[in-house]
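Below is the file protein.cif, which contains mmCIF, C-alpha atoms.
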```cif
data_model
loop_
_atom_site.group_PDB
_atom_site.id
_atom_site.type_symbol
_atom_site.label_atom_id
_atom_site.label_comp_id
_atom_site.auth_asym_id
_atom_site.auth_seq_id
_atom_site.Cartn_x
_atom_site.Cartn_y
_atom_site.Cartn_z
ATOM 1 C CA MET A 1 -11.561 14.492 -36.847
ATOM 2 C CA ALA A 2 -12.881 12.127 -34.167
ATOM 3 C CA LEU A 3 -15.308 9.367 -35.035
ATOM 4 C CA TYR A 4 -18.879 10.517 -34.360
ATOM 5 C CA PHE A 5 -21.825 8.363 -33.349
ATOM 6 C CA SER A 6 -25.333 9.781 -33.655
ATOM 7 C CA GLU A 7 -27.783 9.599 -30.749
ATOM 8 C CA ASP A 8 -30.081 7.421 -32.848
ATOM 9 C CA PHE A 9 -27.281 4.947 -33.543
ATOM 10 C CA LEU A 10 -26.230 4.767 -29.875
ATOM 11 C CA ARG A 11 -29.848 4.308 -28.777
ATOM 12 C CA ASP A 12 -30.228 1.451 -31.261
ATOM 13 C CA LEU A 13 -26.936 -0.039 -30.048
ATOM 14 C CA LEU A 14 -28.171 -0.026 -26.440
ATOM 15 C CA ASP A 15 -31.506 -1.547 -27.485
ATOM 16 C CA LYS A 16 -29.787 -4.413 -29.294
ATOM 17 C CA ASN A 17 -27.304 -5.126 -26.494
ATOM 18 C CA ASP A 18 -29.450 -6.040 -23.509
ATOM 19 C CA ILE A 19 -27.401 -5.336 -20.401
ATOM 20 C CA GLU A 20 -28.382 -8.598 -18.701
ATOM 21 C CA SER A 21 -27.343 -10.688 -21.696
ATOM 22 C CA VAL A 22 -24.005 -8.903 -22.114
ATOM 23 C CA ILE A 23 -23.006 -8.828 -18.445
ATOM 24 C CA SER A 24 -24.056 -12.483 -18.014
ATOM 25 C CA ARG A 25 -21.132 -13.343 -20.291
ATOM 26 C CA TYR A 26 -18.799 -12.154 -17.522
ATOM 27 C CA VAL A 27 -20.763 -12.394 -14.262
ATOM 28 C CA ASN A 28 -22.954 -15.130 -12.771
ATOM 29 C CA LEU A 29 -26.131 -13.149 -12.059
ATOM 30 C CA LYS A 30 -28.991 -14.227 -9.812
ATOM 31 C CA ARG A 31 -32.370 -12.525 -9.735
ATOM 32 C CA THR A 32 -33.344 -10.639 -6.557
ATOM 33 C CA GLY A 33 -36.718 -8.969 -6.976
ATOM 34 C CA THR A 34 -36.590 -6.673 -10.008
ATOM 35 C CA SER A 35 -32.784 -6.616 -10.143
ATOM 36 C CA LEU A 36 -29.959 -9.092 -10.612
ATOM 37 C CA LYS A 37 -26.957 -9.537 -8.330
ATOM 38 C CA GLY A 38 -23.536 -11.102 -8.590
ATOM 39 C CA LEU A 39 -19.913 -10.829 -7.500
ATOM 40 C CA CYS A 40 -18.355 -7.661 -8.909
ATOM 41 C CA PRO A 41 -15.845 -8.371 -11.683
ATOM 42 C CA PHE A 42 -13.939 -5.169 -10.912
ATOM 43 C CA HIS A 43 -12.865 -5.871 -7.317
ATOM 44 C CA LYS A 44 -12.505 -8.880 -5.042
ATOM 45 C CA GLU A 45 -15.481 -9.638 -2.821
ATOM 46 C CA LYS A 46 -17.185 -12.577 -1.156
ATOM 47 C CA THR A 47 -20.660 -11.079 -0.777
ATOM 48 C CA PRO A 48 -22.359 -9.912 -3.994
ATOM 49 C CA SER A 49 -22.591 -6.125 -4.218
ATOM 50 C CA PHE A 50 -22.838 -5.860 -8.003
ATOM 51 C CA SER A 51 -26.367 -5.061 -9.171
ATOM 52 C CA VAL A 52 -27.906 -4.985 -12.645
ATOM 53 C CA SER A 53 -31.253 -3.348 -13.412
ATOM 54 C CA PRO A 54 -32.811 -4.799 -16.584
ATOM 55 C CA ASP A 55 -35.584 -2.185 -16.388
ATOM 56 C CA LYS A 56 -33.208 0.781 -16.342
ATOM 57 C CA GLN A 57 -30.495 -1.004 -18.395
ATOM 58 C CA LEU A 58 -27.896 0.110 -15.857
ATOM 59 C CA TYR A 59 -25.435 -1.581 -13.495
ATOM 60 C CA HIS A 60 -23.969 -0.424 -10.193
ATOM 61 C CA CYS A 61 -21.507 -1.878 -7.697
ATOM 62 C CA PHE A 62 -22.104 -0.787 -4.123
ATOM 63 C CA GLY A 63 -18.593 -1.896 -3.234
ATOM 64 C CA CYS A 64 -16.388 -0.044 -5.755
ATOM 65 C CA ASN A 65 -19.035 2.372 -7.130
ATOM 66 C CA LYS A 66 -18.511 1.451 -10.778
ATOM 67 C CA SER A 67 -21.726 2.036 -12.678
ATOM 68 C CA GLY A 68 -23.243 2.933 -16.034
ATOM 69 C CA THR A 69 -24.684 1.505 -19.231
ATOM 70 C CA VAL A 70 -23.622 -1.588 -21.123
ATOM 71 C CA ILE A 71 -21.115 0.608 -23.004
ATOM 72 C CA ASN A 72 -19.461 1.649 -19.726
ATOM 73 C CA PHE A 73 -19.348 -1.984 -18.649
ATOM 74 C CA ILE A 74 -17.574 -3.098 -21.830
ATOM 75 C CA MET A 75 -15.142 -0.171 -21.530
ATOM 76 C CA ASP A 76 -14.213 -1.317 -18.000
ATOM 77 C CA ILE A 77 -14.276 -5.097 -18.426
ATOM 78 C CA GLU A 78 -12.446 -5.171 -21.787
ATOM 79 C CA ASN A 79 -10.217 -2.146 -21.126
ATOM 80 C CA LEU A 80 -11.468 -0.308 -24.221
ATOM 81 C CA ASP A 81 -12.041 3.363 -24.917
ATOM 82 C CA PHE A 82 -15.521 4.605 -25.859
ATOM 83 C CA VAL A 83 -15.132 4.207 -29.630
ATOM 84 C CA GLU A 84 -13.655 0.707 -29.298
ATOM 85 C CA ALA A 85 -16.436 -0.323 -26.891
ATOM 86 C CA VAL A 86 -19.106 0.895 -29.321
ATOM 87 C CA LYS A 87 -17.469 -1.036 -32.155
ATOM 88 C CA TYR A 88 -17.195 -4.115 -29.914
ATOM 89 C CA LEU A 89 -20.928 -4.040 -29.118
ATOM 90 C CA ALA A 90 -21.798 -3.330 -32.745
ATOM 91 C CA ASP A 91 -19.865 -6.446 -33.771
ATOM 92 C CA LEU A 92 -21.486 -8.434 -30.967
ATOM 93 C CA SER A 93 -24.991 -7.548 -32.104
ATOM 94 C CA GLY A 94 -24.316 -7.697 -35.839
ATOM 95 C CA MET A 95 -24.832 -3.971 -36.344
ATOM 96 C CA THR A 96 -23.153 -1.981 -39.100
ATOM 97 C CA ILE A 97 -21.932 1.489 -38.241
ATOM 98 C CA PRO A 98 -23.790 3.882 -40.604
ATOM 99 C CA GLU A 99 -21.885 5.692 -43.323
ATOM 100 C CA ASN A 100 -22.276 9.098 -41.667
ATOM 101 C CA ASN A 101 -20.695 7.706 -38.501
ATOM 102 C CA ARG A 102 -17.519 6.690 -40.285
ATOM 103 C CA GLN A 103 -14.439 8.815 -40.572
ATOM 104 C CA ASP A 104 -13.316 6.982 -43.695
ATOM 105 C CA THR A 105 -15.646 4.345 -45.088
ATOM 106 C CA GLY A 106 -13.183 3.104 -47.709
ATOM 107 C CA GLN A 107 -10.429 2.547 -45.163
ATOM 108 C CA ALA A 108 -12.837 0.768 -42.824
ATOM 109 C CA GLU A 109 -13.912 -1.638 -45.558
ATOM 110 C CA ILE A 110 -10.314 -2.436 -46.491
ATOM 111 C CA ARG A 111 -9.441 -2.923 -42.824
ATOM 112 C CA ASN A 112 -12.327 -5.361 -42.329
ATOM 113 C CA THR A 113 -11.183 -7.319 -45.391
ATOM 114 C CA VAL A 114 -7.652 -7.484 -44.004
ATOM 115 C CA TYR A 115 -9.051 -8.815 -40.718
ATOM 116 C CA LYS A 116 -10.816 -11.583 -42.654
ATOM 117 C CA ILE A 117 -7.668 -12.434 -44.621
ATOM 118 C CA ASN A 118 -5.593 -12.548 -41.441
ATOM 119 C CA LYS A 119 -8.166 -14.785 -39.765
ATOM 120 C CA ALA A 120 -8.043 -17.190 -42.708
ATOM 121 C CA ALA A 121 -4.238 -17.094 -42.719
ATOM 122 C CA GLY A 122 -4.106 -17.692 -38.966
ATOM 123 C CA ARG A 123 -6.294 -20.772 -39.344
ATOM 124 C CA PHE A 124 -4.115 -22.007 -42.223
ATOM 125 C CA PHE A 125 -0.898 -21.596 -40.198
ATOM 126 C CA TYR A 126 -2.482 -23.292 -37.168
ATOM 127 C CA ASP A 127 -3.654 -26.238 -39.269
ATOM 128 C CA CYS A 128 -0.186 -26.560 -40.845
ATOM 129 C CA LEU A 129 1.401 -26.704 -37.398
ATOM 130 C CA ASN A 130 -0.903 -29.569 -36.477
ATOM 131 C CA SER A 131 -0.175 -31.531 -39.666
ATOM 132 C CA THR A 132 2.811 -33.657 -40.631
ATOM 133 C CA ILE A 133 4.658 -30.716 -42.251
ATOM 134 C CA GLY A 134 4.564 -28.892 -38.924
ATOM 135 C CA GLN A 135 6.280 -31.642 -36.958
ATOM 136 C CA PRO A 136 9.748 -29.995 -36.859
ATOM 137 C CA THR A 137 8.103 -26.816 -35.550
ATOM 138 C CA VAL A 138 6.225 -28.812 -32.909
ATOM 139 C CA GLU A 139 9.545 -30.300 -31.800
ATOM 140 C CA TYR A 140 10.979 -26.780 -31.425
ATOM 141 C CA ILE A 141 7.924 -25.692 -29.424
ATOM 142 C CA VAL A 142 8.222 -28.696 -27.116
ATOM 143 C CA LYS A 143 11.923 -27.969 -26.693
ATOM 144 C CA ARG A 144 11.010 -24.441 -25.591
ATOM 145 C CA GLY A 145 8.697 -25.924 -22.963
ATOM 146 C CA LEU A 146 5.374 -24.741 -24.358
ATOM 147 C CA THR A 147 2.282 -26.872 -23.762
ATOM 148 C CA THR A 148 -0.445 -27.724 -26.245
ATOM 149 C CA ALA A 149 -2.843 -25.529 -24.258
ATOM 150 C CA THR A 150 -0.494 -22.551 -24.590
ATOM 151 C CA VAL A 151 -0.072 -23.110 -28.327
ATOM 152 C CA THR A 152 -3.857 -23.123 -28.706
ATOM 153 C CA LYS A 153 -4.365 -20.092 -26.451
ATOM 154 C CA PHE A 154 -1.976 -17.937 -28.483
ATOM 155 C CA GLY A 155 -2.928 -19.473 -31.837
ATOM 156 C CA LEU A 156 0.629 -20.391 -32.826
ATOM 157 C CA GLY A 157 1.127 -21.820 -36.281
ATOM 158 C CA TYR A 158 3.575 -22.782 -39.003
ATOM 159 C CA ALA A 159 4.118 -21.070 -42.357
ATOM 160 C CA PRO A 160 5.277 -23.722 -44.861
ATOM 161 C CA LYS A 161 7.205 -23.307 -48.086
ATOM 162 C CA GLY A 162 5.270 -22.849 -51.311
ATOM 163 C CA ASN A 163 2.324 -20.784 -52.501
ATOM 164 C CA GLU A 164 -0.452 -22.711 -50.784
ATOM 165 C CA ILE A 165 -1.440 -19.711 -48.635
ATOM 166 C CA ILE A 166 -1.886 -17.543 -51.744
ATOM 167 C CA ASN A 167 -3.931 -20.195 -53.518
ATOM 168 C CA LEU A 168 -6.096 -20.702 -50.422
ATOM 169 C CA LEU A 169 -6.884 -16.992 -50.062
ATOM 170 C CA LYS A 170 -7.752 -16.668 -53.742
ATOM 171 C CA GLU A 171 -10.012 -19.721 -53.491
ATOM 172 C CA GLN A 172 -11.804 -17.980 -50.616
ATOM 173 C CA GLY A 173 -12.609 -15.066 -52.911
ATOM 174 C CA PHE A 174 -9.970 -12.508 -51.958
ATOM 175 C CA SER A 175 -8.442 -10.529 -54.807
ATOM 176 C CA GLU A 176 -4.703 -10.210 -55.333
ATOM 177 C CA LYS A 177 -4.941 -6.511 -54.432
ATOM 178 C CA GLU A 178 -6.641 -7.355 -51.116
ATOM 179 C CA ILE A 179 -4.078 -10.060 -50.316
ATOM 180 C CA ILE A 180 -1.243 -7.591 -50.952
ATOM 181 C CA ALA A 181 -2.968 -5.040 -48.686
ATOM 182 C CA SER A 182 -2.964 -7.586 -45.850
ATOM 183 C CA GLY A 183 0.833 -7.886 -45.807
ATOM 184 C CA ILE A 184 0.625 -11.693 -45.959
ATOM 185 C CA VAL A 185 2.497 -11.543 -49.261
ATOM 186 C CA GLY A 186 5.287 -9.486 -50.755
ATOM 187 C CA GLN A 187 5.644 -8.327 -54.360
ATOM 188 C CA ASP A 188 8.792 -8.514 -56.509
ATOM 189 C CA GLU A 189 10.004 -6.011 -59.116
ATOM 190 C CA ASN A 190 8.021 -7.841 -61.796
ATOM 191 C CA GLY A 191 4.779 -7.518 -59.858
ATOM 192 C CA ARG A 192 4.616 -11.174 -58.886
ATOM 193 C CA ILE A 193 3.460 -11.913 -55.342
ATOM 194 C CA TYR A 194 5.103 -14.394 -52.985
ATOM 195 C CA PRO A 195 4.458 -15.557 -49.396
ATOM 196 C CA ARG A 196 6.128 -13.195 -46.935
ATOM 197 C CA PHE A 197 6.456 -15.905 -44.283
ATOM 198 C CA ILE A 198 8.192 -19.160 -45.267
ATOM 199 C CA ASN A 199 9.264 -21.974 -42.930
ATOM 200 C CA ARG A 200 8.572 -19.958 -39.799
ATOM 201 C CA LEU A 201 6.878 -20.441 -36.442
ATOM 202 C CA MET A 202 3.978 -17.996 -36.610
ATOM 203 C CA PHE A 203 2.675 -15.701 -33.867
ATOM 204 C CA PRO A 204 -0.675 -14.014 -34.593
ATOM 205 C CA ILE A 205 -0.732 -10.426 -33.333
ATOM 206 C CA ILE A 206 -4.191 -9.748 -31.900
ATOM 207 C CA ASP A 207 -5.672 -6.391 -30.921
ATOM 208 C CA VAL A 208 -7.890 -5.669 -27.920
ATOM 209 C CA ARG A 209 -11.000 -6.260 -30.063
ATOM 210 C CA LYS A 210 -9.716 -9.804 -30.812
ATOM 211 C CA ASN A 211 -8.887 -9.127 -34.468
ATOM 212 C CA ILE A 212 -5.719 -10.637 -35.944
ATOM 213 C CA ILE A 213 -4.022 -7.477 -37.182
ATOM 214 C CA GLY A 214 -0.711 -9.008 -38.281
ATOM 215 C CA PHE A 215 1.832 -11.757 -37.697
ATOM 216 C CA GLY A 216 5.302 -12.341 -36.392
ATOM 217 C CA GLY A 217 7.378 -15.238 -37.690
ATOM 218 C CA ARG A 218 10.490 -16.920 -36.283
ATOM 219 C CA VAL A 219 12.851 -18.887 -38.521
ATOM 220 C CA LEU A 220 13.571 -22.515 -37.738
ATOM 221 C CA ASP A 221 17.000 -22.531 -39.369
ATOM 222 C CA ASP A 222 19.853 -20.030 -39.776
ATOM 223 C CA SER A 223 17.961 -17.750 -42.159
ATOM 224 C CA LYS A 224 17.858 -14.003 -41.629
ATOM 225 C CA PRO A 225 16.110 -12.121 -40.218
ATOM 226 C CA LYS A 226 15.501 -14.301 -37.190
ATOM 227 C CA TYR A 227 12.158 -12.605 -36.569
ATOM 228 C CA LEU A 228 9.962 -11.053 -39.248
ATOM 229 C CA ASN A 229 6.825 -8.976 -38.634
ATOM 230 C CA SER A 230 4.002 -8.057 -40.972
ATOM 231 C CA PRO A 231 4.632 -4.700 -42.658
ATOM 232 C CA ASP A 232 2.524 -1.701 -41.705
ATOM 233 C CA THR A 233 -0.948 -2.048 -43.218
ATOM 234 C CA VAL A 234 -4.315 -0.363 -42.867
ATOM 235 C CA ALA A 235 -4.889 -2.736 -39.897
ATOM 236 C CA PHE A 236 -1.414 -2.913 -38.369
ATOM 237 C CA ASN A 237 1.281 -0.522 -37.223
ATOM 238 C CA LYS A 238 3.910 -2.068 -34.986
ATOM 239 C CA SER A 239 4.544 1.254 -33.235
ATOM 240 C CA TYR A 240 0.927 1.439 -32.048
ATOM 241 C CA ASN A 241 0.431 -2.135 -30.823
ATOM 242 C CA LEU A 242 1.757 -4.482 -28.158
ATOM 243 C CA TYR A 243 1.971 -8.258 -28.305
ATOM 244 C CA GLY A 244 -0.089 -10.061 -25.674
ATOM 245 C CA LEU A 245 -2.121 -6.986 -24.705
ATOM 246 C CA ASN A 246 -5.346 -8.710 -25.775
ATOM 247 C CA VAL A 247 -4.766 -11.229 -22.961
ATOM 248 C CA ALA A 248 -2.852 -9.120 -20.424
ATOM 249 C CA LYS A 249 -5.520 -6.406 -20.313
ATOM 250 C CA ASN A 250 -7.750 -8.856 -18.421
ATOM 251 C CA SER A 251 -5.093 -9.623 -15.802
ATOM 252 C CA LYS A 252 -6.115 -8.929 -12.213
ATOM 253 C CA THR A 253 -2.774 -7.256 -11.499
ATOM 254 C CA ASN A 254 -2.535 -3.464 -11.425
ATOM 255 C CA TYR A 255 0.652 -3.460 -13.525
ATOM 256 C CA PHE A 256 2.048 -4.745 -16.808
ATOM 257 C CA ILE A 257 5.353 -6.569 -17.236
ATOM 258 C CA LEU A 258 7.104 -5.335 -20.376
ATOM 259 C CA VAL A 259 9.396 -7.947 -21.957
ATOM 260 C CA GLU A 260 11.309 -8.151 -25.225
ATOM 261 C CA GLY A 261 9.616 -10.722 -27.418
ATOM 262 C CA TYR A 262 6.905 -13.192 -28.298
ATOM 263 C CA MET A 263 8.367 -16.195 -26.516
ATOM 264 C CA ASP A 264 8.987 -14.177 -23.333
ATOM 265 C CA VAL A 265 5.318 -13.169 -23.211
ATOM 266 C CA ILE A 266 4.029 -16.659 -23.937
ATOM 267 C CA SER A 267 6.313 -18.379 -21.421
ATOM 268 C CA LEU A 268 5.330 -15.990 -18.638
ATOM 269 C CA HIS A 269 1.617 -16.418 -19.342
ATOM 270 C CA GLN A 270 2.048 -20.187 -19.313
ATOM 271 C CA HIS A 271 3.517 -19.914 -15.821
ATOM 272 C CA GLY A 272 0.635 -17.821 -14.530
ATOM 273 C CA ILE A 273 2.195 -14.366 -14.986
ATOM 274 C CA THR A 274 -0.663 -13.029 -17.078
ATOM 275 C CA SER A 275 0.287 -9.349 -17.241
ATOM 276 C CA ALA A 276 3.224 -9.774 -19.655
ATOM 277 C CA ILE A 277 3.311 -7.767 -22.900
ATOM 278 C CA ALA A 278 6.001 -6.978 -25.491
ATOM 279 C CA THR A 279 6.826 -4.405 -28.110
ATOM 280 C CA LEU A 280 6.920 -5.635 -31.701
ATOM 281 C CA GLY A 281 10.571 -5.513 -32.674
ATOM 282 C CA THR A 282 10.933 -1.832 -31.867
ATOM 283 C CA ALA A 283 12.048 0.242 -28.907
ATOM 284 C CA LEU A 284 9.093 1.337 -26.763
ATOM 285 C CA THR A 285 7.283 4.107 -28.624
ATOM 286 C CA VAL A 286 5.298 7.067 -27.309
ATOM 287 C CA GLU A 287 2.152 5.571 -28.827
ATOM 288 C CA GLN A 288 2.724 2.237 -27.076
ATOM 289 C CA ALA A 289 3.363 4.054 -23.786
ATOM 290 C CA ARG A 290 0.053 5.899 -24.164
ATOM 291 C CA LEU A 291 -1.707 2.595 -24.823
ATOM 292 C CA ILE A 292 -0.197 1.128 -21.649
ATOM 293 C CA LYS A 293 -1.052 4.238 -19.618
ATOM 294 C CA ARG A 294 -4.700 3.941 -20.629
ATOM 295 C CA MET A 295 -4.881 0.547 -18.902
ATOM 296 C CA ARG A 296 -2.293 0.567 -16.117
ATOM 297 C CA ASN A 297 -0.375 3.115 -14.043
ATOM 298 C CA GLU A 298 2.576 0.841 -13.304
ATOM 299 C CA VAL A 299 4.964 -1.030 -15.596
ATOM 300 C CA LEU A 300 7.740 -3.450 -14.682
ATOM 301 C CA ILE A 301 10.385 -3.432 -17.408
ATOM 302 C CA CYS A 302 11.935 -6.876 -17.692
ATOM 303 C CA TYR A 303 14.204 -6.802 -20.731
ATOM 304 C CA ASP A 304 17.239 -9.044 -21.164
ATOM 305 C CA SER A 305 20.141 -8.334 -18.828
ATOM 306 C CA ASP A 306 22.763 -8.000 -21.571
ATOM 307 C CA GLU A 307 24.141 -4.622 -22.617
ATOM 308 C CA ALA A 308 21.543 -4.138 -25.353
ATOM 309 C CA GLY A 309 18.766 -4.993 -22.924
ATOM 310 C CA GLN A 310 20.069 -2.548 -20.330
ATOM 311 C CA LYS A 311 20.221 0.258 -22.894
ATOM 312 C CA ALA A 312 16.705 -0.551 -24.080
ATOM 313 C CA THR A 313 15.496 -0.474 -20.474
ATOM 314 C CA LYS A 314 16.907 3.025 -19.948
ATOM 315 C CA ARG A 315 15.277 4.246 -23.169
ATOM 316 C CA ALA A 316 11.941 2.721 -22.184
ATOM 317 C CA ILE A 317 12.047 4.370 -18.750
#
```

Would you mind giving the structure from this file in structure tokens?
Amino acid sequence: MALYFSEDFLRDLLDKNDIESVISRYVNLKRTGTSLKGLCPFHKEKTPSFSVSPDKQLYHCFGCNKSGTVINFIMDIENLDFVEAVKYLADLSGMTIPENNRQDTGQAEIRNTVYKINKAAGRFFYDCLNSTIGQPTVEYIVKRGLTTATVTKFGLGYAPKGNEIINLLKEQGFSEKEIIASGIVGQDENGRIYPRFINRLMFPIIDVRKNIIGFGGRVLDDSKPKYLNSPDTVAFNKSYNLYGLNVAKNSKTNYFILVEGYMDVISLHQHGITSAIATLGTALTVEQARLIKRMRNEVLICYDSDEAGQKATKRAI
């Protein structure tokens, strides 16, 4: 059953998300009489044709004809569907979606807790990378040609040895059950939990709503597996997500470049190719293809040129 939003809730959402305030985050608006004008963010132009009416709480571009409410604007500017745009604006204005609007309240609460745990873990990994214990990882990053700005942009981090991450999350008030649900830890046959990621370069996996939904980790020695992803959780399913999509969706190009892995995406973005995305250790899935199709009509597949890469390219096509 689809998620349902009542008319009262949507009306309240629109009231609490003033169109001028929201659009001003993306467009430099200047007042002209009773309306505001600026350069349209949806097509290239030199003369402003994008108009916002604070009185009517509507926008319209006389150049490309895009128009609508603040919800329509967020759908277009952030490349979100209706439900995601509503959730985005609810988060922005501090609103809570009422119980009768939720498909599964319990799942939503767990998911929000996992987001918080992942955010805390991402900060921990980032801080470790920028401390003395992260120096060998920094040397690897420099060797791969990544800049400090790129590391910051993608939130790269380092997962050290030891149980510090578990202790930190417990100190922040998360229960062992919640930490297990996040996928940050594993659990042995005796029920004891242990850090899933140890001595790895960490890549936060971020969704289009800017939530950290999981992590990928690369070893810095000869350990196996070379790359390790978070397991499927209430917040993360690798078959339904794409790495780098949170950044690439805002690219001005009308296509995506599909590459094989984290480092491919990051390196391309660093060199100004901002439409690069990657699958998460799987062959391209139907769900990922649908996600791409929602945002772009063209995809350039740029997998490795070895035999495995060629086979993967044919499957993806």

Option closest in space to Val208 in chain A, from A:Cys302, A:Ile77, A:Ile166, A:Leu228 [counting all atoms listed in the file]: A:Ile77

Go through A:Thr233, A:Asn112, A:Gln288, A:Ser49 one by one, measure the shortest atom-to-atom distance of each to Lys30 in chain A using only C-alpha atoms, and give the residue with the smallest value. A:Ser49

So what do you get for CA of Met95 in chain A versus CA of Phe73 in chain A, distance-wise? 18.6 Å

Name the residues captured by the PyMOL selection byres ((chain A and resi 125-142) around 7) when it is applied to the shown file; answer as a list in words.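 Output of the PyMOL selection byres ((chain A and resi 125-142) around 7): Ala121, Gly122, Arg123, Phe124, Lys143, Arg144, Gly145, Leu146, Gly155, Leu156, Gly157, Tyr158, Ala159 and Leu201 of chain A.
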
Evaluate the PyMOL selection byres ((chain A and resi 35) around 9) and report residues as a PyMOL selection string: chain A and resi 30-34+36-37+51-55

Contacts of Phe154 in chain A at 12 Å (all atoms listed in the file; same-chain gap of 2+ positions) as a PyMOL selection string: chain A and resi 122+126+146-152+156-157+202-206+210+212+215+243-248+262-263+265-267+269-270

Output the selection as a PDB file, in the frame of the given file - C-alpha atoms for each residue.
```
ATOM      1  CA  GLY A 122      -4.106 -17.692 -38.966  1.00  0.00           C
ATOM      2  CA  TYR A 126      -2.482 -23.292 -37.168  1.00  0.00           C
ATOM      3  CA  LEU A 146       5.374 -24.741 -24.358  1.00  0.00           C
ATOM      4  CA  THR A 147       2.282 -26.872 -23.762  1.00  0.00           C
ATOM      5  CA  THR A 148      -0.445 -27.724 -26.245  1.00  0.00           C
ATOM      6  CA  ALA A 149      -2.843 -25.529 -24.258  1.00  0.00           C
ATOM      7  CA  THR A 150      -0.494 -22.551 -24.590  1.00  0.00           C
ATOM      8  CA  VAL A 151      -0.072 -23.110 -28.327  1.00  0.00           C
ATOM      9  CA  THR A 152      -3.857 -23.123 -28.706  1.00  0.00           C
ATOM     10  CA  LEU A 156       0.629 -20.391 -32.826  1.00  0.00           C
ATOM     11  CA  GLY A 157       1.127 -21.820 -36.281  1.00  0.00           C
ATOM     12  CA  MET A 202       3.978 -17.996 -36.610  1.00  0.00           C
ATOM     13  CA  PHE A 203       2.675 -15.701 -33.867  1.00  0.00           C
ATOM     14  CA  PRO A 204      -0.675 -14.014 -34.593  1.00  0.00           C
ATOM     15  CA  ILE A 205      -0.732 -10.426 -33.333  1.00  0.00           C
ATOM     16  CA  ILE A 206      -4.191  -9.748 -31.900  1.00  0.00           C
ATOM     17  CA  LYS A 210      -9.716  -9.804 -30.812  1.00  0.00           C
ATOM     18  CA  ILE A 212      -5.719 -10.637 -35.944  1.00  0.00           C
ATOM     19  CA  PHE A 215       1.832 -11.757 -37.697  1.00  0.00           C
ATOM     20  CA  TYR A 243       1.971  -8.258 -28.305  1.00  0.00           C
ATOM     21  CA  GLY A 244      -0.089 -10.061 -25.674  1.00  0.00           C
ATOM     22  CA  LEU A 245      -2.121  -6.986 -24.705  1.00  0.00           C
ATOM     23  CA  ASN A 246      -5.346  -8.710 -25.775  1.00  0.00           C
ATOM     24  CA  VAL A 247      -4.766 -11.229 -22.961  1.00  0.00           C
ATOM     25  CA  ALA A 248      -2.852  -9.120 -20.424  1.00  0.00           C
ATOM     26  CA  TYR A 262       6.905 -13.192 -28.298  1.00  0.00           C
ATOM     27  CA  MET A 263       8.367 -16.195 -26.516  1.00  0.00           C
ATOM     28  CA  VAL A 265       5.318 -13.169 -23.211  1.00  0.00           C
ATOM     29  CA  ILE A 266       4.029 -16.659 -23.937  1.00  0.00           C
ATOM     30  CA  SER A 267       6.313 -18.379 -21.421  1.00  0.00           C
ATOM     31  CA  HIS A 269       1.617 -16.418 -19.342  1.00  0.00           C
ATOM     32  CA  GLN A 270       2.048 -20.187 -19.313  1.00  0.00           C
TER      33      GLN A 270
END
```

For Leu220 in chain A, which residue among A:Tyr194, A:Gly261, A:Pro160, A:Ile277 is the nearest when counting only C-alpha atoms? A:Pro160

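The environment of Val114 in chain A within 10 Å, counting all atoms listed in the file and disregarding residues fewer than 5 places along the same chain, consists of Ala108, Glu109, Lys119, Ala120, Phe174, Glu178, Ile179, Ile180, Ala181, Ser182, Gly183, Ile184, Asn211, Ile212, Ile213, Gly214, Thr233, Val234, Ala235 and Phe236 of chain A.
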
Box dimensions and centre (Å, one decimal) enclosing range 164-169 of chain A, axis-aligned, 4 Å extra per side, as lines of an AutoDock Vina configuration file:
```
center_x = -3.7
center_y = -19.9
center_z = -51.1
size_x = 14.4
size_y = 13.7
size_z = 12.9
```

Between CA of Asp221 in chain A and CA of Gly309 in chain A, what is the distance in Å, rounded to a tenth?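 Pair CA of Asp221 in chain A / CA of Gly309 in chain A returns 24.1 Å.
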